[in-house]
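Before any comments, here is the structure.
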Amino acid sequence: MSSNGEVLVRIKEVDKVFRRGSEDINVLTGLNLEVAKGEFLALMGPSGSGKSTLLNLIGGLDRASRGVVEIGGERVDQMSDRDLAGWRARHIGFVFQFYNLLPVLNAERNVELPLLLTHLAKAERHKHVDTALNVVGLAHRTKAYPRTLSGGEQQRVGIARAIVTDPTILLCDEPTGDLDRKSGDEILSLLQALNRDQGKTIIMVTHDPHASHRASRTVYLNKGQLFAEAPE
Amino acid sequence: MSSASNWLSQVFSVTSFGIRTLPERKGSALTTAIGIAGVTVVFVGVMSIAVGLRSTLMSSGRDDVAFVTRRGADSEMTSILTRDDSRIVGDVAGIARNDKGPLLSSELFVIINLPKRSTGSDANVPLRGVEGPASEVRGNVKIVAGRQIEPGRTELIVGAGAAREFSGLEIGRKIRVGKNDWDIVGIFTAEGGVAESEIWTDAAVLQGAYQRGTSYQSVQARLVSADKFDAFKDALTANPQLTVDVVRQKDFFAKQSANVGLIATIGVFIAAMMSLGALFGAVNTMYSAVAARGREIATLRALGFGASPVIISVLVESLFVALLGGVIGAAAAFIAFDGMTTSTMNFQTFSQVAFAFRVTPWLLGLAIGIALLIGFIGGLFPALAAARAPIAISLRET
């Protein structure tokens, strides 16, 4: 863990209610959470417990029904959609369970995607892409298309895409959920290295206790509530 | 990079991803393109009839030729003029002359039945009795095969359109009109005008064959210049010996093109009905495209791409499919219809007028414009749906 104690993520009294027909479903209720800068936090819990919903609120992909979502001192819950899109581009790196690579783009073009939203010139973008692919150990597969890459390699490209803009925080939603154990371990080692060596703050949703052991802290979600220990 | 160029870069990127994934949706895209191509073909096909017919009628008339009929007659068919009427018309100042006299042709007009080449069934063909200067009065009539008729003989020259549409009108053939056999001695053109649908003979011979005495139905006079028309008309209409209407030849044929408007209306109506079908196809295709790209679009938006580039990318894809259909349809319509000849009923004369379908660049542009409009409307709602879809939910779509 390379946390320095400074709070990066502050979730305060957050409710999230989904409406299904005439029924309200409370997914998160009065939830509070603080994540320090440089922390590697694992979010665990059963299906439907609200892990991904919480991750989406932190990443500005969804809005809380009530409460405060503050990232790096900015009130994400109060931003307009337009501002949120720009904020995500600057501060958030997403790693998805199913990689979500664009099949028509090769590895380096996929990694370059978030840089298209920056003011960097093409040469600078290429430099950043090379660096990111080097970090994830895929410098030799820059021209490969997703369909020619293994699951583990695709996830590495996904991670390279997530870190290429040097975001404030990495949000990983079941990053090893679609991988075999060996590939999963490699991805977890990579995330650990990013946290340890580059001080990246990482929040990872996982079902897998093996994966959560790689994190510096694990919290548990159950029925919309957070627990420091796995509930019975 | 400015925010405008950053936005443009986003639009370009998202659009290019959409277009590049189009082959994965080629089935629905092609179905829509073919539907739109069908609309284009029908629209161009029907409108090319209207354009061709209007062109034939409008190219027939001149500003400097006066067309004289009995007052109140709404066509040559219902008009009657005497030899004296014709002589008085010929004495009015302002008529152009050649070395043989005034450029004036007193004419009569009858309908004969001939079998159409296309169906073999009989249809009405105008047989016009003309006087010597008739070709020079019109200014665009040219003998292209055979020779001119000789006065006093039962000879015919046949317009190229009539020769094309009706059988038995070759040079050297005889056709029976009334009690006589008439020799076909020549074929003429009239720069695609209405006269090409007619058969001409000597007016005096036709008067005898149809027992018309010395009557005519119209007089056409070539004026010294177009600006002499008003004085010419005033001189005739003010003459107490005459009860005539005088119009410019151009206006006379313009009146005959009234049924072109009906054809155009029918064309627009049919195309509009088909457009509705194509529109639903386009909407369906683009909703499918948006659904197929749902996770990809959500991923881009999660990474920070804005909603407007997504909207534009879906619209561009829809326009691309529509343009493809429009171009295919326009090309097919051009190949199938342009220059195709046929004939239709001229309701002013109750006889056939031959004309060529005309697929003009303007018509092709209009048809492709309609195709693009279908694409735009068809893509708009799916585009808005794509931009409004909740990112978090779309990310989990498989």
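Letters A, B, ... go to the chains of the structure tokens in the order shown; residues in each chain start at 1; ligands are counted from 1 in the same order.
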(message) I need the residues in segment 228-350 of chain B that are strand (DSSP E or B) according to DSSP; give them as a ChimeraX atom specification.
(response) /B:244-248,341-346
Tell me, counting only C-alpha atoms, for each residue of segment 72-152 of chain B within 12 Å of segment 43-60 of chain B, which pair of atoms is nearest and how far apart they are in Å to one decimal, in rows ordered by chain and increasing number, as a tab-separated table.
residue	atom	partner	partner_atom	distance
B:Val137	CA	B:Ser60	CA	11.9
B:Arg138	CA	B:Ser60	CA	8.4
B:Gly139	CA	B:Ser60	CA	10.1
B:Asn140	CA	B:Ser60	CA	8.7
B:Val141	CA	B:Ser60	CA	10.3
Could those selected residues go to a file with N, CA, C and O atoms, as a PDB file, in the first residue's frame?
ATOM      1  N   VAL B 137     -42.835  27.917 -90.530  1.00  0.00           N
ATOM      2  CA  VAL B 137     -43.552  28.609 -89.447  1.00  0.00           C
ATOM      3  C   VAL B 137     -43.049  28.090 -88.101  1.00  0.00           C
ATOM      4  O   VAL B 137     -42.728  28.853 -87.199  1.00  0.00           O
ATOM      5  N   ARG B 138     -42.947  26.794 -87.988  1.00  0.00           N
ATOM      6  CA  ARG B 138     -42.518  26.198 -86.710  1.00  0.00           C
ATOM      7  C   ARG B 138     -41.017  26.367 -86.498  1.00  0.00           C
ATOM      8  O   ARG B 138     -40.548  26.499 -85.379  1.00  0.00           O
ATOM      9  N   GLY B 139     -40.268  26.319 -87.560  1.00  0.00           N
ATOM     10  CA  GLY B 139     -38.832  26.619 -87.482  1.00  0.00           C
ATOM     11  C   GLY B 139     -37.969  25.460 -87.021  1.00  0.00           C
ATOM     12  O   GLY B 139     -36.750  25.549 -87.053  1.00  0.00           O
ATOM     13  N   ASN B 140     -38.585  24.368 -86.550  1.00  0.00           N
ATOM     14  CA  ASN B 140     -37.756  23.281 -86.022  1.00  0.00           C
ATOM     15  C   ASN B 140     -38.036  21.946 -86.731  1.00  0.00           C
ATOM     16  O   ASN B 140     -37.568  20.905 -86.288  1.00  0.00           O
ATOM     17  N   VAL B 141     -38.831  21.996 -87.776  1.00  0.00           N
ATOM     18  CA  VAL B 141     -39.201  20.754 -88.464  1.00  0.00           C
ATOM     19  C   VAL B 141     -38.185  20.449 -89.562  1.00  0.00           C
ATOM     20  O   VAL B 141     -37.853  21.314 -90.375  1.00  0.00           O
TER      21      VAL B 141
END
With chain B as the partner and 8 Å as the cut-off, tabulate the residues of chain A that qualify, each row holding the nearest pair of atoms and their distance in Å to one decimal, using only C-alpha atoms, sorted by chain and rising number, as CSV.
residue,atom,partner,partner_atom,distance
A:Asn56,CA,B:Ala392,CA,6.6
A:Leu61,CA,B:Ala392,CA,5.8
A:Asp62,CA,B:Ala392,CA,6.6
A:Arg82,CA,B:Gly306,CA,6.8
A:Leu84,CA,B:Gly304,CA,7.9
A:Ala85,CA,B:Gly304,CA,4.4
A:Gly86,CA,B:Gly304,CA,5.6
A:Trp87,CA,B:Gly304,CA,7.5
A:Arg88,CA,B:Gly304,CA,5.5
A:Ala89,CA,B:Gly304,CA,4.4
A:Ile92,CA,B:Leu303,CA,7.9
A:Gly93,CA,B:Leu303,CA,7.6
A:Phe94,CA,B:Leu303,CA,7.4
A:Asn100,CA,B:Thr299,CA,6.6
A:Leu101,CA,B:Glu296,CA,7.8
A:Leu102,CA,B:Glu296,CA,6.6
A:Val104,CA,B:Arg20,CA,6.8
A:Pro114,CA,B:Leu303,CA,6.1
A:Leu116,CA,B:Gln10,CA,6.9
A:Leu117,CA,B:Asn6,CA,6.4
A:Thr118,CA,B:Asn6,CA,7.3
A:His119,CA,B:Met1,CA,4.8
A:Leu120,CA,B:Met1,CA,7.2
A:Ala121,CA,B:Met1,CA,7.8
Could you take the residues named above and write them with N, CA, C and O atoms, as a compact mmCIF listing (two decimals), in the first residue's frame?
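Final output, saved to selection.txt:
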# COMPACT_ATOMS: atom_id res chain seq x y z
N ASN A 56 -20.00 2.89 -10.10
CA ASN A 56 -20.53 3.80 -11.13
C ASN A 56 -20.74 5.21 -10.57
O ASN A 56 -20.56 6.20 -11.28
N LEU A 61 -20.65 7.65 -13.70
CA LEU A 61 -21.46 7.02 -14.73
C LEU A 61 -22.92 6.97 -14.32
O LEU A 61 -23.79 6.68 -15.13
N ASP A 62 -23.18 7.25 -13.07
CA ASP A 62 -24.55 7.23 -12.55
C ASP A 62 -24.63 8.28 -11.45
O ASP A 62 -23.59 8.78 -10.99
N ARG A 82 -22.42 17.08 -19.24
CA ARG A 82 -21.31 17.53 -20.08
C ARG A 82 -20.02 17.65 -19.27
O ARG A 82 -18.96 17.19 -19.68
N LEU A 84 -19.44 16.18 -16.46
CA LEU A 84 -19.06 14.85 -15.98
C LEU A 84 -18.22 14.10 -17.02
O LEU A 84 -17.23 13.43 -16.66
N ALA A 85 -18.63 14.24 -18.31
CA ALA A 85 -17.89 13.55 -19.38
C ALA A 85 -16.44 14.03 -19.39
O ALA A 85 -15.50 13.23 -19.45
N GLY A 86 -16.26 15.35 -19.30
CA GLY A 86 -14.91 15.91 -19.28
C GLY A 86 -14.14 15.49 -18.04
O GLY A 86 -12.94 15.19 -18.10
N TRP A 87 -14.85 15.48 -16.91
CA TRP A 87 -14.21 15.09 -15.65
C TRP A 87 -13.75 13.62 -15.71
O TRP A 87 -12.64 13.29 -15.28
N ARG A 88 -14.60 12.76 -16.23
CA ARG A 88 -14.21 11.35 -16.37
C ARG A 88 -12.96 11.21 -17.23
O ARG A 88 -12.04 10.44 -16.91
N ALA A 89 -12.93 11.96 -18.32
CA ALA A 89 -11.79 11.86 -19.24
C ALA A 89 -10.49 12.27 -18.53
O ALA A 89 -9.43 11.70 -18.78
N ILE A 92 -10.61 9.68 -14.43
CA ILE A 92 -10.99 8.27 -14.18
C ILE A 92 -10.43 7.35 -15.26
O ILE A 92 -10.52 7.66 -16.45
N GLY A 93 -9.86 6.24 -14.82
CA GLY A 93 -9.49 5.17 -15.75
C GLY A 93 -10.35 3.96 -15.43
O GLY A 93 -10.37 3.49 -14.29
N PHE A 94 -11.11 3.51 -16.43
CA PHE A 94 -12.00 2.37 -16.21
C PHE A 94 -11.36 1.08 -16.73
O PHE A 94 -10.81 1.04 -17.83
N ASN A 100 -14.09 -4.42 -23.01
CA ASN A 100 -14.72 -3.33 -23.77
C ASN A 100 -13.76 -2.64 -24.73
O ASN A 100 -13.73 -1.42 -24.84
N LEU A 101 -12.98 -3.45 -25.44
CA LEU A 101 -12.12 -2.88 -26.48
C LEU A 101 -12.93 -2.73 -27.76
O LEU A 101 -13.86 -3.50 -27.99
N LEU A 102 -12.56 -1.75 -28.58
CA LEU A 102 -13.24 -1.60 -29.87
C LEU A 102 -12.62 -2.58 -30.87
O LEU A 102 -11.42 -2.49 -31.16
N VAL A 104 -12.64 -2.87 -33.97
CA VAL A 104 -12.10 -2.38 -35.25
C VAL A 104 -10.77 -1.66 -35.08
O VAL A 104 -10.16 -1.26 -36.07
N PRO A 114 -8.61 7.43 -25.17
CA PRO A 114 -8.84 8.52 -24.21
C PRO A 114 -7.98 9.76 -24.51
O PRO A 114 -8.35 10.87 -24.15
N LEU A 116 -7.55 11.00 -27.37
CA LEU A 116 -8.20 11.81 -28.40
C LEU A 116 -9.01 12.94 -27.75
O LEU A 116 -9.40 13.89 -28.42
N LEU A 117 -9.27 12.79 -26.46
CA LEU A 117 -10.05 13.82 -25.76
C LEU A 117 -9.15 14.88 -25.13
O LEU A 117 -9.63 15.80 -24.48
N THR A 118 -7.85 14.71 -25.29
CA THR A 118 -6.91 15.67 -24.71
C THR A 118 -6.40 16.62 -25.80
O THR A 118 -6.78 16.50 -26.96
N HIS A 119 -5.56 17.52 -25.40
CA HIS A 119 -5.02 18.47 -26.38
C HIS A 119 -3.65 18.02 -26.89
O HIS A 119 -2.93 18.82 -27.49
N LEU A 120 -3.31 16.77 -26.67
CA LEU A 120 -1.99 16.30 -27.08
C LEU A 120 -1.90 16.13 -28.59
O LEU A 120 -2.85 15.70 -29.24
N ALA A 121 -0.72 16.46 -29.12
CA ALA A 121 -0.47 16.25 -30.54
C ALA A 121 -0.24 14.75 -30.77
O ALA A 121 -0.02 13.98 -29.83
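Ranking B:Val92, B:Leu103, B:Ile80, B:Asp181 by their shortest atom-to-atom distance to Ala238 of chain B, with only C-alpha atoms included, puts B:Val92 first.
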(message) With only C-alpha atoms as the counted atoms, please give the residues lying no more than 12 Å from Arg62 of chain B, apart from itself and same-chain residues fewer than 2 positions off, as a list in words.
(response) Leu57, Met58, Ser59, Ser60, Asp64, Val65, Ala66, Phe67, Val137, Arg138, Gly139, Asn140, Gly193, Gln220, Ala221, Arg222, Leu223, Ser225, Ala226, Phe229, Val247, Arg248, Gln249, Lys250, Asp251, Phe252, Phe253 and Ala254 of chain B
(request) Find the spatial neighbours of Gly208 of chain B, counting only C-alpha atoms, within a cut-off of 12 Å - ignore same-chain residues fewer than 5 positions away - and output them as a list in words. (result) Leu108, Gly129, Gly152, Arg153, Thr154, Val177, Gly178, Lys179, Asn180, Thr201, Asp202, Ala203, Gly213, Thr214, Ser215 and Tyr216 of chain B
(request) Determine, counting only C-alpha atoms, which protein, DNA and RNA residues have an atom within 12 Å of an atom of Asp234 of chain B; residues of the same chain fewer than 6 positions away are not included. Present the result as a ChimeraX atom specification. (result) /B:66,89,92-94,228,240,242,244-247
(message) Applying 10 Å and only C-alpha atoms, which residues near Thr243 of chain B remain after dropping the ones on its own chain fewer than 2 positions away? List them as a PyMOL selection string.
(response) chain B and resi 69-72+81+85+236-241+245
Writing out the chosen residues with N, CA and C atoms as a JSON list (two decimals), in the first residue's frame:
[["chain", "number", "residue", "atom", "x", "y", "z"],
["B", 69, "THR", "N", -57.38, 30.43, -83.22],
["B", 69, "THR", "CA", -58.49, 29.46, -83.23],
["B", 69, "THR", "C", -59.81, 30.23, -83.08],
["B", 70, "ARG", "N", -60.91, 29.54, -83.29],
["B", 70, "ARG", "CA", -62.23, 30.15, -83.09],
["B", 70, "ARG", "C", -62.35, 30.59, -81.63],
["B", 71, "ARG", "N", -62.95, 31.77, -81.40],
["B", 71, "ARG", "CA", -63.09, 32.26, -80.03],
["B", 71, "ARG", "C", -63.89, 31.26, -79.19],
["B", 72, "GLY", "N", -63.40, 30.96, -78.02],
["B", 72, "GLY", "CA", -64.08, 30.05, -77.10],
["B", 72, "GLY", "C", -63.69, 28.59, -77.28],
["B", 81, "LEU", "N", -62.45, 27.46, -88.53],
["B", 81, "LEU", "CA", -62.16, 28.73, -89.19],
["B", 81, "LEU", "C", -62.42, 28.54, -90.69],
["B", 85, "ASP", "N", -61.58, 33.56, -93.09],
["B", 85, "ASP", "CA", -60.89, 33.87, -91.82],
["B", 85, "ASP", "C", -59.38, 33.77, -92.03],
["B", 236, "LEU", "N", -56.44, 41.34, -84.89],
["B", 236, "LEU", "CA", -57.38, 40.25, -85.17],
["B", 236, "LEU", "C", -58.60, 40.31, -84.27],
["B", 237, "THR", "N", -58.38, 40.51, -83.00],
["B", 237, "THR", "CA", -59.52, 40.46, -82.06],
["B", 237, "THR", "C", -60.41, 41.70, -82.20],
["B", 238, "ALA", "N", -59.84, 42.78, -82.75],
["B", 238, "ALA", "CA", -60.64, 43.99, -82.93],
["B", 238, "ALA", "C", -61.39, 43.97, -84.27],
["B", 239, "ASN", "N", -61.02, 43.05, -85.14],
["B", 239, "ASN", "CA", -61.65, 42.99, -86.47],
["B", 239, "ASN", "C", -63.06, 42.41, -86.35],
["B", 240, "PRO", "N", -64.11, 43.18, -86.71],
["B", 240, "PRO", "CA", -65.48, 42.68, -86.55],
["B", 240, "PRO", "C", -65.80, 41.49, -87.45],
["B", 241, "GLN", "N", -64.95, 41.28, -88.48],
["B", 241, "GLN", "CA", -65.21, 40.14, -89.37],
["B", 241, "GLN", "C", -64.77, 38.81, -88.74],
["B", 245, "ASP", "N", -59.63, 33.66, -81.08],
["B", 245, "ASP", "CA", -58.68, 33.80, -79.98],
["B", 245, "ASP", "C", -57.29, 33.71, -80.57]]
(request) Return the single residue from B:Phe280, B:Trp182, B:Phe334, B:Trp362 that is closest to Pro382 of chain B, with distances computed using only C-alpha atoms. (result) B:Phe280
